[in-house]
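Asks: I have a structure I would like to understand better, so I am pasting it below and will then ask my questions one at a time.
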Amino acid sequence: MRTEITDLHQLRAEPDLRKAVIIGLDLSREDVRVPLDGALLLGCTLSETMQRRAEAAGALIFPVVPDLPYEVYRTKLYTPAELFAGFDPADPRSYSDTPDAVIYRHSRRQGHQPDPLHALTERLHDHSITEALDETLSGQPVAVMGGHALARGTDGYRNAVELGAALGRAGFTVLTGGGPGAMEAVPLGVRCGAADRDVLDQLAKAPSFGHDEESIGRWLAAFPQVPSFEVPRTIGIPTWFYGHEPPNPACELHAKYFANSVREEGLLTVATGGIVYTPGKAGTVQEVFQDFTQNYYGSVGPAAPMIFLGRAFWTDEVPAAPLVQKLAAGREAEQWILVTDDIDEAVELLLKYAG
């Protein structure tokens with residue numbers, strides 16, 4: 001595995017930089033004389049001498065790309081404070097000037113088939129996010145999937161908060177798609193415990209938002225201060241592909257991607273502790289069958305729990321669960337499929353799988 005170097009102290013302490021990955025360092029005043037054969041320099045500033053030495057050693061140099069509103073070679077996940085920097089709750093329109101909104105507008109100008117330069121920078125960014133996510137996660141995180149349209153103040157939102165509270169009490173790190181609705185309610189429950197009436201009443205003042213940035217600002221401004229964990233246990237995995245869906249402020253960290261396909265597959269893959277499916281529509285159903293395909297073929301490891309929370313919804317209204325159960329009959333995945341209305345039963349199965 002390549003050594004990754006992100007600060008000058010670490011660089012100066014390395015006796016050998018062959019095949020190292022050096023990220024975002026200003027080396028214009030550094031006299032690096034250790035071997036650089038096969039090194040990879042991402043977004044570093046080099047003196048002419050340093051550049052010649054690196055090239056002579058066969059190092060690959062990816063330069064800083066100008067005029068981008070995002071870091072191409074990130075080494076860590078985003079925080080809500082970073083994505084919403086400059087937001088003033090007293091002025092909902094200020095959301096328009098946050099990095100989250102600016103990056104979305106930039107990506108939209110590139111379109112879904114960007115020119116080669118922007119295609120490359122977006123993919124390098126997303127690769128960096130995947131690396132940072134892998135380094136952040138430990139144990140067997142559990143994911144919760146569900147509808148983005150679930151409004152604050154509804155029974156469904158409160159139920160999702162209760163689910164999050166139960167997962168939090170059980171000690172799980174919880175992943176969601178990072179957007180609104182159930183994706184916000186579950187991490188809120190993990191962080192706050194059982195539903196706090198004052199918190200929920202405050203959120204209900206901005207139950208949802210439209211496609212305009214001012215309404216997103218009002219939705220964001222209604223979110224209260226909530227406690228965090230010493231080691232983050234609520235991680236959102238959203239995308240700028242759905243720019244009208246900002247990342248929620250309930251997750252402590254966000255692995256935000258440009259490519260929705262990479263984000264979808266990645267979220268399902270890293271949820272090694274299992275996935276709970278709350279009621280949702282097309283996006284959630286897509287995730288059900290992407291997840292089941294991984295479990296069916298064992299393509300990314302052993303089959304993990306698939307829990308359909310909401311029996312009537314998943315067997316009658318959107319009958320995905322019976323089809324998954326039928327396909328799983330006689331296979332390893334069969335024992336880890338549960339259809340229930342009981343949050344405690346769902347958590348019990350997840351704990352059993354975790355051992």
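We name chains A, B, ... following the order of the structure tokens; residues begin at 1 in each chain, and ligands are numbered from 1 as shown.
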With only C-alpha atoms as the counted atoms, please give the residues lying no more than 7 Å from region 338-347 of chain A, apart from itself and same-chain residues fewer than 6 positions off, as a ChimeraX atom specification.
Replies: /A:163,167,306-311
Asks: Could those residues be written to a file, using all heavy atoms, as a PDB file, in the first residue's frame?
Replies:
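Produced file part-v6.pdb, reproduced below:
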```
ATOM      1  N   LEU A 163     -36.184   5.386  15.229  1.00  0.00           N
ATOM      2  CA  LEU A 163     -35.293   4.354  14.704  1.00  0.00           C
ATOM      3  C   LEU A 163     -33.839   4.755  14.933  1.00  0.00           C
ATOM      4  O   LEU A 163     -33.013   3.943  15.381  1.00  0.00           O
ATOM      5  CB  LEU A 163     -35.560   4.144  13.213  1.00  0.00           C
ATOM      6  CG  LEU A 163     -34.550   3.266  12.458  1.00  0.00           C
ATOM      7  CD1 LEU A 163     -34.524   1.853  13.022  1.00  0.00           C
ATOM      8  CD2 LEU A 163     -34.878   3.238  10.958  1.00  0.00           C
ATOM      9  N   LEU A 167     -30.882   2.790  17.117  1.00  0.00           N
ATOM     10  CA  LEU A 167     -29.582   2.422  16.562  1.00  0.00           C
ATOM     11  C   LEU A 167     -28.448   3.075  17.337  1.00  0.00           C
ATOM     12  O   LEU A 167     -27.390   2.480  17.549  1.00  0.00           O
ATOM     13  CB  LEU A 167     -29.520   2.837  15.086  1.00  0.00           C
ATOM     14  CG  LEU A 167     -30.460   2.078  14.143  1.00  0.00           C
ATOM     15  CD1 LEU A 167     -30.477   2.741  12.766  1.00  0.00           C
ATOM     16  CD2 LEU A 167     -30.045   0.609  14.014  1.00  0.00           C
ATOM     17  N   MET A 306     -30.908  -7.347   5.495  1.00  0.00           N
ATOM     18  CA  MET A 306     -31.790  -6.444   4.752  1.00  0.00           C
ATOM     19  C   MET A 306     -33.100  -6.408   5.533  1.00  0.00           C
ATOM     20  O   MET A 306     -33.826  -7.403   5.570  1.00  0.00           O
ATOM     21  CB  MET A 306     -32.040  -6.943   3.328  1.00  0.00           C
ATOM     22  CG  MET A 306     -30.812  -6.963   2.446  1.00  0.00           C
ATOM     23  SD  MET A 306     -31.201  -7.512   0.754  1.00  0.00           S
ATOM     24  CE  MET A 306     -32.183  -6.120   0.152  1.00  0.00           C
ATOM     25  N   ILE A 307     -33.383  -5.285   6.162  1.00  0.00           N
ATOM     26  CA  ILE A 307     -34.544  -5.177   7.044  1.00  0.00           C
ATOM     27  C   ILE A 307     -35.544  -4.208   6.431  1.00  0.00           C
ATOM     28  O   ILE A 307     -35.232  -3.043   6.192  1.00  0.00           O
ATOM     29  CB  ILE A 307     -34.120  -4.704   8.445  1.00  0.00           C
ATOM     30  CG1 ILE A 307     -33.153  -5.727   9.062  1.00  0.00           C
ATOM     31  CG2 ILE A 307     -35.345  -4.496   9.336  1.00  0.00           C
ATOM     32  CD1 ILE A 307     -32.507  -5.268  10.355  1.00  0.00           C
ATOM     33  N   PHE A 308     -36.737  -4.706   6.155  1.00  0.00           N
ATOM     34  CA  PHE A 308     -37.814  -3.901   5.591  1.00  0.00           C
ATOM     35  C   PHE A 308     -38.708  -3.448   6.744  1.00  0.00           C
ATOM     36  O   PHE A 308     -39.476  -4.241   7.294  1.00  0.00           O
ATOM     37  CB  PHE A 308     -38.617  -4.719   4.579  1.00  0.00           C
ATOM     38  CG  PHE A 308     -37.800  -5.136   3.375  1.00  0.00           C
ATOM     39  CD1 PHE A 308     -37.078  -6.327   3.382  1.00  0.00           C
ATOM     40  CD2 PHE A 308     -37.738  -4.330   2.258  1.00  0.00           C
ATOM     41  CE1 PHE A 308     -36.324  -6.712   2.285  1.00  0.00           C
ATOM     42  CE2 PHE A 308     -36.995  -4.701   1.143  1.00  0.00           C
ATOM     43  CZ  PHE A 308     -36.276  -5.888   1.165  1.00  0.00           C
ATOM     44  N   LEU A 309     -38.563  -2.190   7.127  1.00  0.00           N
ATOM     45  CA  LEU A 309     -39.297  -1.658   8.274  1.00  0.00           C
ATOM     46  C   LEU A 309     -40.571  -0.979   7.774  1.00  0.00           C
ATOM     47  O   LEU A 309     -40.521   0.088   7.161  1.00  0.00           O
ATOM     48  CB  LEU A 309     -38.412  -0.676   9.042  1.00  0.00           C
ATOM     49  CG  LEU A 309     -38.925  -0.203  10.398  1.00  0.00           C
ATOM     50  CD1 LEU A 309     -39.119  -1.382  11.356  1.00  0.00           C
ATOM     51  CD2 LEU A 309     -37.947   0.815  11.009  1.00  0.00           C
ATOM     52  N   GLY A 310     -41.706  -1.629   8.048  1.00  0.00           N
ATOM     53  CA  GLY A 310     -42.991  -1.170   7.530  1.00  0.00           C
ATOM     54  C   GLY A 310     -43.619  -2.288   6.724  1.00  0.00           C
ATOM     55  O   GLY A 310     -43.578  -2.282   5.485  1.00  0.00           O
ATOM     56  N   ARG A 311     -44.209  -3.261   7.401  1.00  0.00           N
ATOM     57  CA  ARG A 311     -44.686  -4.485   6.746  1.00  0.00           C
ATOM     58  C   ARG A 311     -45.694  -4.191   5.641  1.00  0.00           C
ATOM     59  O   ARG A 311     -45.572  -4.691   4.517  1.00  0.00           O
ATOM     60  CB  ARG A 311     -45.300  -5.414   7.794  1.00  0.00           C
ATOM     61  CG  ARG A 311     -45.750  -6.757   7.230  1.00  0.00           C
ATOM     62  CD  ARG A 311     -46.361  -7.609   8.329  1.00  0.00           C
ATOM     63  NE  ARG A 311     -45.364  -7.933   9.351  1.00  0.00           N
ATOM     64  CZ  ARG A 311     -44.523  -8.958   9.262  1.00  0.00           C
ATOM     65  NH1 ARG A 311     -44.555  -9.747   8.191  1.00  0.00           N
ATOM     66  NH2 ARG A 311     -43.666  -9.189  10.227  1.00  0.00           N
TER      67      ARG A 311
END
```
Asks: When DSSP works through the backbone of this structure, what residues of region 110-310 of chain A end up as strand (DSSP E or B), shown as a list of chain:residue names?
Replies: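 Filtering region 110-310 of chain A to strand (DSSP E or B) leaves A:Val142, A:Ala143, A:Val144, A:Met145, A:Val174, A:Leu175, A:Thr176, A:Thr234, A:Ile235, A:Gly236, A:Thr239, A:Leu253, A:His254, A:Tyr257, A:Ile275, A:Val276, A:Tyr277, A:Ser299, A:Gly301, A:Met306, A:Ile307, A:Phe308, A:Leu309.
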Asks: Quick one: everything within 12 Å of Arg123 (chain A), counting only C-alpha atoms, minus sequence neighbours fewer than 5 positions away in the same chain. Send it as a count of residues only.
Replies: 18
Asks: Could you name the residues that touch region 282-297 of chain A at 7 Å or less, counting only C-alpha atoms, but leaving out those on the same chain fewer than 3 positions away, as an MDAnalysis selection string?
Replies: chainID A and resid 145:147 268 300 302:304 333
Asks: Could you list, as a VMD selection string, every residue within 7 Å of Ile22 (chain A), counting only C-alpha atoms and ignoring same-chain residues fewer than 3 positions away?
Replies: chain A and resid 4 to 6 40 to 42
Asks: Quick one: everything within 9 Å of region 53-62 of chain A, counting only C-alpha atoms, minus sequence neighbours fewer than 2 positions away in the same chain. Send it as a compact mmCIF listing (two decimals) with N, CA, C and O atoms, in the first residue's frame.
Replies:
```
# COMPACT_ATOMS: atom_id res chain seq x y z
N ARG A 18 9.70 6.70 -2.57
CA ARG A 18 9.34 5.90 -3.73
C ARG A 18 7.92 5.37 -3.59
O ARG A 18 7.56 4.79 -2.56
N LYS A 19 7.11 5.61 -4.63
CA LYS A 19 5.71 5.17 -4.71
C LYS A 19 4.82 5.83 -3.65
O LYS A 19 3.70 5.38 -3.42
N VAL A 32 13.98 18.32 -1.62
CA VAL A 32 13.75 16.90 -1.35
C VAL A 32 14.78 16.07 -2.11
O VAL A 32 14.79 16.06 -3.35
N ARG A 33 15.63 15.38 -1.37
CA ARG A 33 16.72 14.63 -2.01
C ARG A 33 16.59 13.12 -1.83
O ARG A 33 17.47 12.37 -2.23
N PRO A 35 14.74 9.35 -2.57
CA PRO A 35 14.22 8.78 -3.82
C PRO A 35 12.73 9.07 -4.03
O PRO A 35 11.93 8.98 -3.10
N LEU A 36 12.38 9.43 -5.27
CA LEU A 36 11.00 9.75 -5.63
C LEU A 36 10.47 8.83 -6.73
O LEU A 36 9.42 9.11 -7.32
N ASP A 37 11.17 7.74 -6.98
CA ASP A 37 10.79 6.85 -8.07
C ASP A 37 9.35 6.37 -7.91
O ASP A 37 8.98 5.79 -6.88
N GLY A 38 8.53 6.63 -8.96
CA GLY A 38 7.16 6.14 -8.93
C GLY A 38 6.23 6.87 -7.99
O GLY A 38 5.11 6.44 -7.77
N ALA A 39 6.69 8.00 -7.42
CA ALA A 39 5.82 8.76 -6.51
C ALA A 39 4.69 9.41 -7.31
O ALA A 39 4.77 9.61 -8.53
N LEU A 40 3.63 9.74 -6.59
CA LEU A 40 2.46 10.40 -7.19
C LEU A 40 2.25 11.71 -6.45
O LEU A 40 1.99 11.71 -5.24
N LEU A 41 2.38 12.83 -7.14
CA LEU A 41 2.22 14.15 -6.52
C LEU A 41 0.91 14.76 -7.00
O LEU A 41 0.74 15.03 -8.20
N LEU A 42 -0.01 14.95 -6.07
CA LEU A 42 -1.35 15.44 -6.40
C LEU A 42 -1.52 16.86 -5.87
O LEU A 42 -1.52 17.10 -4.67
N GLY A 43 -1.67 17.82 -6.77
CA GLY A 43 -1.97 19.20 -6.37
C GLY A 43 -0.87 19.86 -5.57
O GLY A 43 -1.15 20.72 -4.73
N CYS A 44 0.37 19.49 -5.81
CA CYS A 44 1.49 20.10 -5.09
C CYS A 44 2.07 21.26 -5.90
O CYS A 44 2.03 21.27 -7.13
N GLU A 48 11.09 24.72 -9.90
CA GLU A 48 11.56 24.14 -11.16
C GLU A 48 12.52 22.99 -10.91
O GLU A 48 12.47 21.95 -11.58
N THR A 49 13.39 23.17 -9.91
CA THR A 49 14.34 22.10 -9.59
C THR A 49 13.63 20.86 -9.09
O THR A 49 13.95 19.73 -9.50
N MET A 50 12.65 21.07 -8.21
CA MET A 50 11.90 19.94 -7.66
C MET A 50 11.12 19.22 -8.77
O MET A 50 11.05 18.00 -8.80
N GLN A 51 10.57 19.98 -9.70
CA GLN A 51 9.80 19.37 -10.78
C GLN A 51 10.72 18.53 -11.67
O GLN A 51 10.35 17.40 -12.04
N VAL A 64 -2.20 21.48 -9.58
CA VAL A 64 -3.37 22.19 -9.08
C VAL A 64 -4.18 22.64 -10.29
O VAL A 64 -3.63 23.17 -11.26
N VAL A 65 -5.49 22.39 -10.26
CA VAL A 65 -6.36 22.82 -11.36
C VAL A 65 -7.00 24.14 -10.95
O VAL A 65 -7.70 24.20 -9.93
```
Asks: Considering only C-alpha atoms, can you say which of A:Leu27, A:Leu267, A:Leu349, A:Leu68 comes closest to Thr121 (chain A)?
Replies: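 Smallest distance to Thr121 (chain A) is found for A:Leu68.
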Asks: Run DSSP on the backbone of this structure and report the residues of region 133-311 of chain A it assigns to helix (DSSP H, G or I), as an NGL selection string.
Replies: :A and (133-136 or 155-169 or 182-192 or 197-203 or 213-221 or 260-270 or 282-297 or 311)
